[in-house]
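*Asks:* Structure file data.tsv (TSV, C-alpha atoms) is given on the next line.
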```tsv
chain	number	residue	atom	x	y	z
A	1	MET	CA	272.81	95.97	188.37
A	2	THR	CA	272.88	92.91	186.09
A	3	ILE	CA	274.25	89.64	187.43
A	4	GLY	CA	277.75	88.77	186.22
A	5	THR	CA	278.56	91.95	184.31
A	6	SER	CA	281.55	93.29	186.26
A	7	ASP	CA	284.67	92.25	188.17
A	8	PRO	CA	285.89	92.58	191.79
A	9	ASP	CA	288.37	95.41	191.21
A	10	THR	CA	285.82	97.54	189.37
A	11	GLU	CA	283.17	97.02	192.01
A	12	LEU	CA	285.49	97.71	194.96
A	13	ALA	CA	286.77	100.89	193.31
A	14	ALA	CA	283.21	102.14	192.88
A	15	ILE	CA	282.23	101.75	196.56
A	16	ARG	CA	281.99	104.93	198.60
A	17	PRO	CA	281.99	104.88	202.42
A	18	ALA	CA	278.52	105.12	203.91
A	19	PRO	CA	277.62	108.14	206.05
A	20	ALA	CA	278.82	107.86	209.65
A	21	VAL	CA	276.28	107.03	212.34
A	22	PRO	CA	276.71	108.40	215.89
A	23	PRO	CA	277.57	105.83	218.57
A	24	ILE	CA	275.39	105.20	221.61
A	25	THR	CA	275.72	108.10	224.04
A	26	ALA	CA	276.69	107.99	227.71
A	27	ALA	CA	273.21	109.26	228.57
A	28	GLU	CA	271.62	106.31	226.82
A	29	HIS	CA	273.93	103.88	228.63
A	30	ARG	CA	272.84	105.45	231.94
A	31	ALA	CA	269.18	105.08	230.99
A	32	ARG	CA	269.74	101.40	230.22
A	33	ILE	CA	271.36	100.93	233.63
A	34	ASP	CA	268.37	102.57	235.34
A	35	ARG	CA	265.93	100.38	233.42
A	36	ALA	CA	267.82	97.20	234.32
A	37	ARG	CA	267.93	98.17	237.99
A	38	ALA	CA	264.16	98.66	238.06
A	39	LEU	CA	263.49	95.32	236.36
A	40	ALA	CA	265.91	93.47	238.63
A	41	GLU	CA	264.25	94.98	241.70
A	42	GLN	CA	260.79	93.99	240.43
A	43	SER	CA	262.04	90.40	240.18
A	44	GLY	CA	263.12	90.44	243.81
A	45	ALA	CA	266.85	90.42	243.10
A	46	ALA	CA	269.37	92.48	245.04
A	47	ALA	CA	271.67	92.76	242.02
A	48	LEU	CA	272.18	91.69	238.42
A	49	LEU	CA	275.45	90.17	237.17
A	50	ILE	CA	276.10	90.68	233.45
A	51	GLY	CA	278.94	88.76	231.82
A	52	ALA	CA	281.21	89.69	228.92
A	53	GLY	CA	279.47	89.62	225.56
A	54	ALA	CA	276.72	91.56	223.84
A	55	SER	CA	274.82	92.37	227.04
A	56	LEU	CA	277.92	93.81	228.71
A	57	ARG	CA	278.43	95.98	225.64
A	58	TYR	CA	274.80	97.05	225.78
A	59	PHE	CA	275.08	98.34	229.34
A	60	THR	CA	278.70	99.49	229.54
A	61	GLY	CA	280.14	99.91	226.05
A	62	VAL	CA	282.77	97.22	226.75
A	63	SER	CA	282.87	95.01	223.66
A	64	TRP	CA	284.87	92.05	225.01
A	65	GLY	CA	283.84	88.49	224.41
A	66	ALA	CA	283.55	85.91	227.15
A	67	SER	CA	286.58	83.89	228.23
A	68	GLU	CA	287.62	81.74	231.19
A	69	ARG	CA	288.41	84.93	233.16
A	70	MET	CA	285.47	86.70	234.77
A	71	VAL	CA	284.74	90.11	233.28
A	72	ALA	CA	281.33	91.27	234.43
A	73	LEU	CA	279.15	94.13	235.56
A	74	LEU	CA	277.64	93.77	239.02
A	75	LEU	CA	274.60	96.03	239.02
A	76	PRO	CA	273.01	96.38	242.47
A	77	VAL	CA	269.48	97.75	242.63
A	78	GLU	CA	270.92	100.42	244.96
A	79	GLY	CA	274.45	101.77	244.85
A	80	ASP	CA	277.11	102.20	242.20
A	81	PRO	CA	277.70	99.71	239.38
A	82	LEU	CA	280.81	97.57	239.92
A	83	MET	CA	282.99	96.25	237.11
A	84	ILE	CA	284.75	92.98	237.89
A	85	CYS	CA	287.91	92.75	235.78
A	86	PRO	CA	291.36	91.09	235.73
A	87	ALA	CA	293.92	93.56	237.05
A	88	PHE	CA	296.15	93.34	233.97
A	89	GLU	CA	293.21	94.48	231.79
A	90	ARG	CA	292.62	97.76	233.65
A	91	GLY	CA	293.98	99.94	230.84
A	92	SER	CA	291.92	98.26	228.16
A	93	LEU	CA	288.83	98.48	230.35
A	94	ALA	CA	289.31	102.20	230.94
A	95	ALA	CA	289.57	102.76	227.18
A	96	GLU	CA	286.13	101.25	226.51
A	97	LEU	CA	284.05	101.73	229.66
A	98	ALA	CA	281.20	104.11	228.79
A	99	ILE	CA	279.59	104.39	232.23
A	100	ASP	CA	280.66	105.66	235.64
A	101	ALA	CA	281.41	102.60	237.72
A	102	GLU	CA	283.64	101.41	240.48
A	103	VAL	CA	286.18	98.83	239.36
A	104	ALA	CA	287.08	95.72	241.34
A	105	LEU	CA	290.30	94.20	240.00
A	106	TRP	CA	291.49	90.68	240.65
A	107	GLU	CA	294.93	89.20	240.17
A	108	GLU	CA	295.50	85.90	238.39
A	109	ASP	CA	295.85	83.99	241.67
A	110	GLU	CA	292.70	85.52	243.17
A	111	ASP	CA	289.05	84.45	242.95
A	112	PRO	CA	286.68	86.96	241.27
A	113	VAL	CA	283.72	85.17	242.84
A	114	ALA	CA	284.93	86.46	246.21
A	115	LEU	CA	284.78	90.03	244.87
A	116	VAL	CA	281.14	89.56	243.88
A	117	ALA	CA	280.21	87.92	247.18
A	118	ARG	CA	281.89	90.65	249.24
A	119	ALA	CA	279.92	93.33	247.40
A	120	LEU	CA	276.57	91.79	248.43
A	121	ALA	CA	274.92	90.86	251.71
A	122	PRO	CA	275.21	87.18	252.72
A	123	GLY	CA	272.46	85.17	251.08
A	124	ALA	CA	271.50	88.02	248.74
A	125	ARG	CA	269.58	87.08	245.60
A	126	LEU	CA	271.76	87.58	242.54
A	127	ALA	CA	270.13	87.51	239.10
A	128	LEU	CA	272.56	86.12	236.51
A	129	ASP	CA	273.00	86.87	232.85
A	130	PRO	CA	271.73	83.61	231.25
A	131	LEU	CA	274.79	83.53	228.97
A	132	LEU	CA	277.19	83.56	231.92
A	133	PRO	CA	278.97	80.16	232.05
A	134	PHE	CA	277.25	77.60	234.26
A	135	GLY	CA	280.41	77.16	236.32
A	136	TRP	CA	280.35	80.77	237.50
A	137	GLY	CA	276.77	80.36	238.65
A	138	GLU	CA	277.62	77.28	240.66
A	139	ARG	CA	280.59	78.97	242.30
A	140	LEU	CA	278.48	82.01	243.17
A	141	ARG	CA	275.91	79.70	244.70
A	142	GLY	CA	278.69	78.03	246.64
A	143	ALA	CA	279.75	81.45	247.96
A	144	GLY	CA	276.40	81.72	249.74
A	145	LEU	CA	274.42	83.75	247.21
A	146	ALA	CA	270.90	82.87	246.08
A	147	VAL	CA	271.28	82.63	242.31
A	148	SER	CA	268.37	83.27	239.92
A	149	ASP	CA	267.81	83.87	236.21
A	150	GLY	CA	268.34	87.48	235.14
A	151	GLY	CA	267.42	86.86	231.52
A	152	ALA	CA	264.02	88.51	231.75
A	153	ALA	CA	265.47	91.79	232.99
A	154	ILE	CA	268.25	91.83	230.40
A	155	ASP	CA	266.01	90.82	227.51
A	156	ARG	CA	263.33	93.37	228.40
A	157	CYS	CA	265.95	96.09	228.08
A	158	ARG	CA	267.54	94.85	224.87
A	159	MET	CA	264.46	93.78	222.88
A	160	VAL	CA	263.06	97.29	222.35
A	161	LYS	CA	265.48	99.44	220.38
A	162	SER	CA	266.00	103.17	220.81
A	163	ALA	CA	266.20	105.65	217.93
A	164	ALA	CA	270.00	105.50	218.11
A	165	GLU	CA	269.98	101.71	217.91
A	166	LEU	CA	267.56	101.76	214.99
A	167	ALA	CA	269.90	104.14	213.15
A	168	CYS	CA	272.84	101.74	213.66
A	169	LEU	CA	270.78	98.78	212.47
A	170	ALA	CA	269.48	100.68	209.44
A	171	ALA	CA	273.01	101.72	208.43
A	172	ALA	CA	274.37	98.18	208.69
A	173	LYS	CA	271.54	96.74	206.62
A	174	THR	CA	271.85	99.41	203.94
A	175	MET	CA	275.57	98.64	203.68
A	176	THR	CA	275.02	94.91	203.32
A	177	LEU	CA	272.31	95.28	200.69
A	178	GLU	CA	274.71	97.38	198.60
A	179	VAL	CA	277.45	94.77	199.10
A	180	GLN	CA	275.03	92.01	198.05
A	181	ARG	CA	274.20	93.97	194.91
A	182	ARG	CA	277.87	94.32	193.99
A	183	ALA	CA	278.59	90.66	194.77
A	184	ALA	CA	276.00	89.60	192.21
A	185	ALA	CA	277.80	91.66	189.58
A	186	ILE	CA	281.11	89.77	189.92
A	187	LEU	CA	279.70	86.25	189.45
A	188	ARG	CA	281.02	84.20	186.53
A	189	PRO	CA	281.23	80.50	185.67
A	190	GLY	CA	284.03	78.88	187.64
A	191	ILE	CA	284.26	81.48	190.40
A	192	ALA	CA	284.83	79.89	193.81
A	193	ALA	CA	282.49	80.52	196.69
A	194	SER	CA	285.53	81.50	198.77
A	195	ALA	CA	286.44	84.19	196.21
A	196	VAL	CA	282.93	85.65	196.46
A	197	ALA	CA	283.18	85.61	200.25
A	198	ARG	CA	286.55	87.41	200.13
A	199	PHE	CA	285.07	90.06	197.86
A	200	ILE	CA	282.10	90.54	200.21
A	201	ASP	CA	284.44	90.99	203.18
A	202	ALA	CA	286.50	93.56	201.28
A	203	ALA	CA	283.35	95.35	200.13
A	204	HIS	CA	282.01	95.51	203.68
A	205	ARG	CA	285.31	97.07	204.76
A	206	ALA	CA	285.26	99.57	201.91
A	207	ILE	CA	281.73	100.72	202.69
A	208	GLY	CA	282.42	101.12	206.41
A	209	GLY	CA	281.04	97.94	207.93
A	210	GLY	CA	284.37	96.71	209.30
A	211	GLY	CA	284.39	93.54	207.22
A	212	SER	CA	281.86	90.74	207.13
A	213	PHE	CA	280.68	89.44	210.48
A	214	PHE	CA	279.84	86.25	208.59
A	215	CYS	CA	279.32	85.17	204.98
A	216	ALA	CA	277.71	82.09	203.43
A	217	VAL	CA	277.94	81.61	199.66
A	218	GLN	CA	276.07	78.57	198.30
A	219	PHE	CA	275.52	77.34	194.75
A	220	GLY	CA	273.09	74.79	193.30
A	221	ARG	CA	272.40	71.78	195.54
A	222	ALA	CA	274.17	73.41	198.51
A	223	THR	CA	271.30	75.93	198.74
A	224	ALA	CA	269.13	73.07	200.06
A	225	PHE	CA	271.13	73.12	203.30
A	226	PRO	CA	270.29	76.20	205.38
A	227	HIS	CA	273.91	76.66	206.50
A	228	GLY	CA	275.53	75.12	203.43
A	229	LEU	CA	277.90	72.21	202.88
A	230	PRO	CA	281.62	71.82	203.63
A	231	GLY	CA	284.14	72.50	200.90
A	232	ASP	CA	284.64	75.27	198.38
A	233	GLN	CA	282.16	75.19	195.50
A	234	THR	CA	282.60	76.68	192.06
A	235	LEU	CA	279.72	78.32	190.21
A	236	GLU	CA	278.25	76.76	187.10
A	237	GLN	CA	276.01	78.27	184.47
A	238	ASP	CA	272.28	77.93	185.18
A	239	GLN	CA	272.69	77.41	188.94
A	240	LEU	CA	270.84	78.88	191.88
A	241	VAL	CA	272.89	81.25	194.08
A	242	LEU	CA	272.23	81.90	197.77
A	243	ILE	CA	274.31	84.50	199.64
A	244	ASP	CA	273.73	85.27	203.33
A	245	THR	CA	275.97	87.89	204.92
A	246	GLY	CA	276.14	90.79	207.33
A	247	CYS	CA	278.31	93.40	208.99
A	248	ARG	CA	278.15	95.58	212.11
A	249	VAL	CA	277.83	99.30	212.88
A	250	HIS	CA	278.81	100.12	216.47
A	251	GLY	CA	278.16	96.44	217.18
A	252	TYR	CA	274.66	96.37	215.63
A	253	HIS	CA	274.12	93.70	212.99
A	254	SER	CA	272.85	93.25	209.49
A	255	ASP	CA	271.93	89.78	208.19
A	256	ILE	CA	270.56	89.75	204.65
A	257	THR	CA	270.01	86.79	202.32
A	258	ARG	CA	269.42	86.90	198.59
A	259	THR	CA	268.63	83.89	196.38
A	260	TYR	CA	268.73	84.27	192.60
A	261	ALA	CA	269.38	82.58	189.29
A	262	PHE	CA	272.73	82.61	187.53
A	263	GLY	CA	271.39	81.96	184.07
A	264	GLN	CA	268.25	79.86	183.62
A	265	VAL	CA	266.79	77.66	186.36
A	266	ASP	CA	263.85	75.26	186.45
A	267	ALA	CA	260.28	76.52	186.45
A	268	ALA	CA	259.80	74.77	189.81
A	269	ILE	CA	262.39	77.07	191.37
A	270	HIS	CA	260.51	80.11	190.04
A	271	GLU	CA	257.33	78.76	191.62
A	272	THR	CA	259.13	78.22	194.92
A	273	PHE	CA	260.51	81.75	194.78
A	274	ALA	CA	257.00	83.17	194.35
A	275	LEU	CA	255.79	81.13	197.32
A	276	GLU	CA	258.75	82.29	199.42
A	277	ARG	CA	257.90	85.91	198.65
A	278	ALA	CA	254.28	85.30	199.62
A	279	ALA	CA	255.29	83.72	202.95
A	280	GLN	CA	257.67	86.58	203.76
A	281	ALA	CA	254.93	89.09	202.92
A	282	ALA	CA	252.40	87.24	205.09
A	283	ALA	CA	254.73	87.36	208.09
A	284	PHE	CA	255.25	91.10	207.54
A	285	ALA	CA	251.51	91.73	207.24
A	286	ALA	CA	250.81	89.88	210.50
A	287	VAL	CA	252.94	92.27	212.55
A	288	ARG	CA	251.29	94.74	214.88
A	289	PRO	CA	251.75	95.64	218.55
A	290	GLY	CA	250.29	93.03	220.89
A	291	VAL	CA	250.46	90.17	218.39
A	292	THR	CA	252.60	87.29	219.65
A	293	CYS	CA	255.83	86.28	217.99
A	294	GLU	CA	254.46	82.81	217.28
A	295	ALA	CA	251.52	84.32	215.37
A	296	VAL	CA	253.93	85.87	212.87
A	297	ASP	CA	255.59	82.49	212.34
A	298	ALA	CA	252.17	80.90	211.91
A	299	ALA	CA	251.20	83.44	209.23
A	300	ALA	CA	254.21	82.55	207.07
A	301	ARG	CA	253.81	78.82	207.68
A	302	ALA	CA	250.12	78.92	206.73
A	303	VAL	CA	251.01	80.17	203.24
A	304	LEU	CA	253.37	77.26	202.74
A	305	GLU	CA	251.01	74.66	204.16
A	306	ARG	CA	248.17	75.82	201.89
A	307	ALA	CA	250.54	75.11	199.00
A	308	GLY	CA	251.11	71.56	200.24
A	309	LEU	CA	254.43	72.09	202.02
A	310	GLY	CA	255.19	70.95	205.55
A	311	PRO	CA	253.23	70.78	207.72
A	312	GLY	CA	255.24	72.18	210.60
A	313	TYR	CA	258.96	71.66	210.08
A	314	ARG	CA	258.64	68.75	207.64
A	315	LEU	CA	260.28	69.01	204.24
A	316	PRO	CA	259.71	70.11	201.59
A	317	GLY	CA	258.88	73.21	203.57
A	318	LEU	CA	260.22	75.57	206.21
A	319	PRO	CA	262.68	73.75	208.51
A	320	HIS	CA	263.35	76.54	211.00
A	321	ARG	CA	261.74	79.57	212.66
A	322	THR	CA	260.49	82.42	210.49
A	323	GLY	CA	262.78	84.95	212.14
A	324	HIS	CA	264.87	86.11	215.06
A	325	GLY	CA	265.44	89.27	217.00
A	326	ILE	CA	268.51	91.25	215.98
A	327	GLY	CA	270.61	93.94	217.61
A	328	LEU	CA	274.00	93.66	219.33
A	329	SER	CA	273.61	89.90	218.85
A	330	ILE	CA	272.86	88.60	215.40
A	331	HIS	CA	270.30	86.18	216.93
A	332	GLU	CA	268.64	87.43	220.11
A	333	PRO	CA	265.25	87.29	221.83
A	334	ALA	CA	262.48	87.37	220.91
A	335	TYR	CA	262.01	84.74	218.17
A	336	LEU	CA	259.36	84.34	215.48
A	337	VAL	CA	258.69	80.70	216.26
A	338	ARG	CA	255.92	78.51	217.61
A	339	GLY	CA	255.87	78.70	221.39
A	340	ASP	CA	257.31	82.21	221.74
A	341	LEU	CA	254.39	84.11	223.24
A	342	THR	CA	256.26	87.41	223.56
A	343	PRO	CA	253.92	90.21	222.46
A	344	LEU	CA	255.31	92.55	219.83
A	345	GLU	CA	256.11	96.12	220.85
A	346	PRO	CA	257.17	99.17	218.83
A	347	GLY	CA	260.95	99.21	218.59
A	348	MET	CA	261.42	95.44	218.40
A	349	CYS	CA	263.46	94.32	215.37
A	350	PHE	CA	263.40	90.96	213.58
A	351	SER	CA	264.63	89.05	210.58
A	352	ASN	CA	261.94	87.71	208.24
A	353	GLU	CA	263.27	84.58	206.49
A	354	PRO	CA	260.76	81.73	206.01
A	355	MET	CA	263.14	79.62	203.92
A	356	ILE	CA	261.74	76.89	201.67
A	357	VAL	CA	263.87	73.75	201.36
A	358	VAL	CA	263.36	71.03	198.76
A	359	PRO	CA	265.61	68.31	200.21
A	360	ASP	CA	268.84	67.57	198.38
A	361	ARG	CA	267.76	69.73	195.42
A	362	TYR	CA	267.58	73.44	196.29
A	363	GLY	CA	266.50	76.01	198.83
A	364	VAL	CA	265.17	79.56	198.53
A	365	ARG	CA	265.68	82.00	201.38
A	366	LEU	CA	264.86	85.69	201.27
A	367	GLU	CA	265.92	87.49	204.43
A	368	ASP	CA	265.20	91.09	205.24
A	369	HIS	CA	264.54	92.80	208.55
A	370	PHE	CA	261.72	94.87	209.93
A	371	ARG	CA	261.07	96.99	212.97
A	372	VAL	CA	257.75	96.99	214.79
A	373	THR	CA	255.94	100.34	214.73
A	374	ALA	CA	252.70	101.57	216.28
A	375	GLU	CA	250.96	100.82	212.98
A	376	GLY	CA	252.54	97.47	212.15
A	377	ALA	CA	255.89	96.69	210.56
A	378	ALA	CA	258.40	98.75	208.57
A	379	TRP	CA	261.14	97.26	206.41
A	380	PHE	CA	264.76	98.21	206.91
A	381	THR	CA	265.53	97.01	203.37
A	382	PRO	CA	263.16	96.44	200.45
A	383	PRO	CA	262.40	92.75	199.82
A	384	GLN	CA	263.68	91.03	196.71
A	385	GLU	CA	261.11	91.01	193.92
A	386	SER	CA	262.62	88.85	191.19
A	387	LEU	CA	264.62	85.63	190.90
A	388	ASP	CA	266.29	86.89	187.72
A	389	ARG	CA	266.78	90.55	188.66
A	390	PRO	CA	267.32	90.45	192.43
A	391	PHE	CA	268.28	94.11	192.78
A	392	GLY	CA	265.80	95.74	190.44
```
Output the file's structure as structure tokens, nothing else.

*Replies:*
Amino acid sequence: MTIGTSDPDTELAAIRPAPAVPPITAAEHRARIDRARALAEQSGAAALLIGAGASLRYFTGVSWGASERMVALLLPVEGDPLMICPAFERGSLAAELAIDAEVALWEEDEDPVALVARALAPGARLALDPLLPFGWGERLRGAGLAVSDGGAAIDRCRMVKSAAELACLAAAKTMTLEVQRRAAAILRPGIAASAVARFIDAAHRAIGGGGSFFCAVQFGRATAFPHGLPGDQTLEQDQLVLIDTGCRVHGYHSDITRTYAFGQVDAAIHETFALERAAQAAAFAAVRPGVTCEAVDAAARAVLERAGLGPGYRLPGLPHRTGHGIGLSIHEPAYLVRGDLTPLEPGMCFSNEPMIVVPDRYGVRLEDHFRVTAEGAAWFTPPQESLDRPFG
């Protein structure tokens, strides 16, 4: 599809809903629970406490975000799982809970920490979800429990994706790539970045992604700032366009960036685009089981440093990590960054986005995602090949 050859109404009318993807089954939730129990026991913990957020959804199907009220799964290494929940939320909990669990309800004038403490032996070691608020940890410690970090157990479960998870991720990314393609078609001089973002949200809804989880639309100089600038830009002829957006399928994320020319741009930008493609390809080629995450980052960074960029995080160059894990959280462990020594395993999924920033002038970021296989890496979406024809 050619850039700037259509309009929002035409593009939205042409979108067809993507094929449905099955949700995570109860059997898979039970297997996750069993895996977490085993890992918690290996760490010496008597139980694992998982707070509201992506990890709670991973283990229980409950999609609530964290708030000041404790909503959590207490997972003992032996015995039934226990859901801690405000009493007035019991109906909503029952509608989403995907596992068999006892439920411990607390009224507004009661202390949920006491429920957790009563369920465990005095002085028991309780491994905490690292995203649980610090205050809860301190209160649990004050209740006589030995508090430790449960992040390793949770991350070990979530980092390696099942076939069902891979299908959700693949569907979300396919949707977003199609939405990106249609967004390019509606560009015209004078269009506001906010109008493009509204179109992308509507397109994500039309295709079945439930709207945009996020959307960044940047033109010209704003592309030099990885997360953009405040204010609502309008597009001019012969500007660089950067669009970064994603949606969710059963909670699993897409996160795809395309950078391309609206009209004619400087030869230096074309050279930077070619270097960006080479860095992204080098990161992809470095992937194989057993290789560390930091080695993938180093492969992309080496391409840029040989071209005189950097070194390290200095600009012009790559100011951030090469990529991040993705799943029920848009950014989750492990990370393709110096210092992350996590070895790659089949089933791990990552973004690949070694952005090049030329300060206060422009930036080029190509972001696609891959999964680790027994042979190396496999793309979820095909990388962008051209600055002028970003979608073939």

*Asks:* List the spatial neighbours of Ala45 of chain A as a JSON list (two decimals) with C-alpha atoms, keeping the file's coordinate frame - criterion: any atom at most 10 Å away, all atoms listed in the file, same-chain residues fewer than 3 positions off excluded.

*Replies:*
```
[["chain", "number", "residue", "atom", "x", "y", "z"],
["A", 37, "ARG", "CA", 267.93, 98.17, 237.99],
["A", 39, "LEU", "CA", 263.49, 95.32, 236.36],
["A", 40, "ALA", "CA", 265.91, 93.47, 238.63],
["A", 41, "GLU", "CA", 264.25, 94.98, 241.70],
["A", 42, "GLN", "CA", 260.79, 93.99, 240.43],
["A", 48, "LEU", "CA", 272.18, 91.69, 238.42],
["A", 76, "PRO", "CA", 273.01, 96.38, 242.47],
["A", 77, "VAL", "CA", 269.48, 97.75, 242.63],
["A", 124, "ALA", "CA", 271.50, 88.02, 248.74],
["A", 125, "ARG", "CA", 269.58, 87.08, 245.60],
["A", 126, "LEU", "CA", 271.76, 87.58, 242.54],
["A", 127, "ALA", "CA", 270.13, 87.51, 239.10],
["A", 128, "LEU", "CA", 272.56, 86.12, 236.51],
["A", 146, "ALA", "CA", 270.90, 82.87, 246.08],
["A", 147, "VAL", "CA", 271.28, 82.63, 242.31],
["A", 148, "SER", "CA", 268.37, 83.27, 239.92],
["A", 149, "ASP", "CA", 267.81, 83.87, 236.21],
["A", 150, "GLY", "CA", 268.34, 87.48, 235.14]]
```

*Asks:* Calculated over only C-alpha atoms, which of the candidates A:Val364, A:Ala52, A:Ile256, A:Ala377 has the smallest distance to His270 of chain A?

*Replies:*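 Between A:Val364, A:Ala52, A:Ile256, A:Ala377, the residue approaching His270 of chain A most closely is A:Val364.
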
*Asks:* Select, from A:Thr223, A:Asn352, A:Thr245, A:Thr259, the residue with the minimum atom-to-atom distance to Ala285 of chain A, counting all atoms listed in the file.

*Replies:*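 Going through A:Thr223, A:Asn352, A:Thr245, A:Thr259 one by one, the smallest distance to Ala285 of chain A is for A:Asn352.
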
*Asks:* Between atom CA of Pro8 of chain A and atom CA of Leu187 of chain A, what is the distance, to one decimal in Å?

*Replies:* 9.2 Å

*Asks:* Assuming 6 Å of padding per side, give the centre and edge lengths of the axis-aligned box around every listed atom of segment 318-325 of chain A, in Å to one decimal and as AutoDock Vina command-line options.

*Replies:*
```
--center_x 262.8 --center_y 81.5 --center_z 211.6 --size_x 17.2 --size_y 27.5 --size_z 22.8
```

*Asks:* Residues within 9 Å of Tyr58 of chain A, please, as a ChimeraX atom specification. Count all atoms listed in the file; anything in the same chain fewer than 5 positions from it doesn't count.

*Replies:* /A:29,32,53,63,158,328
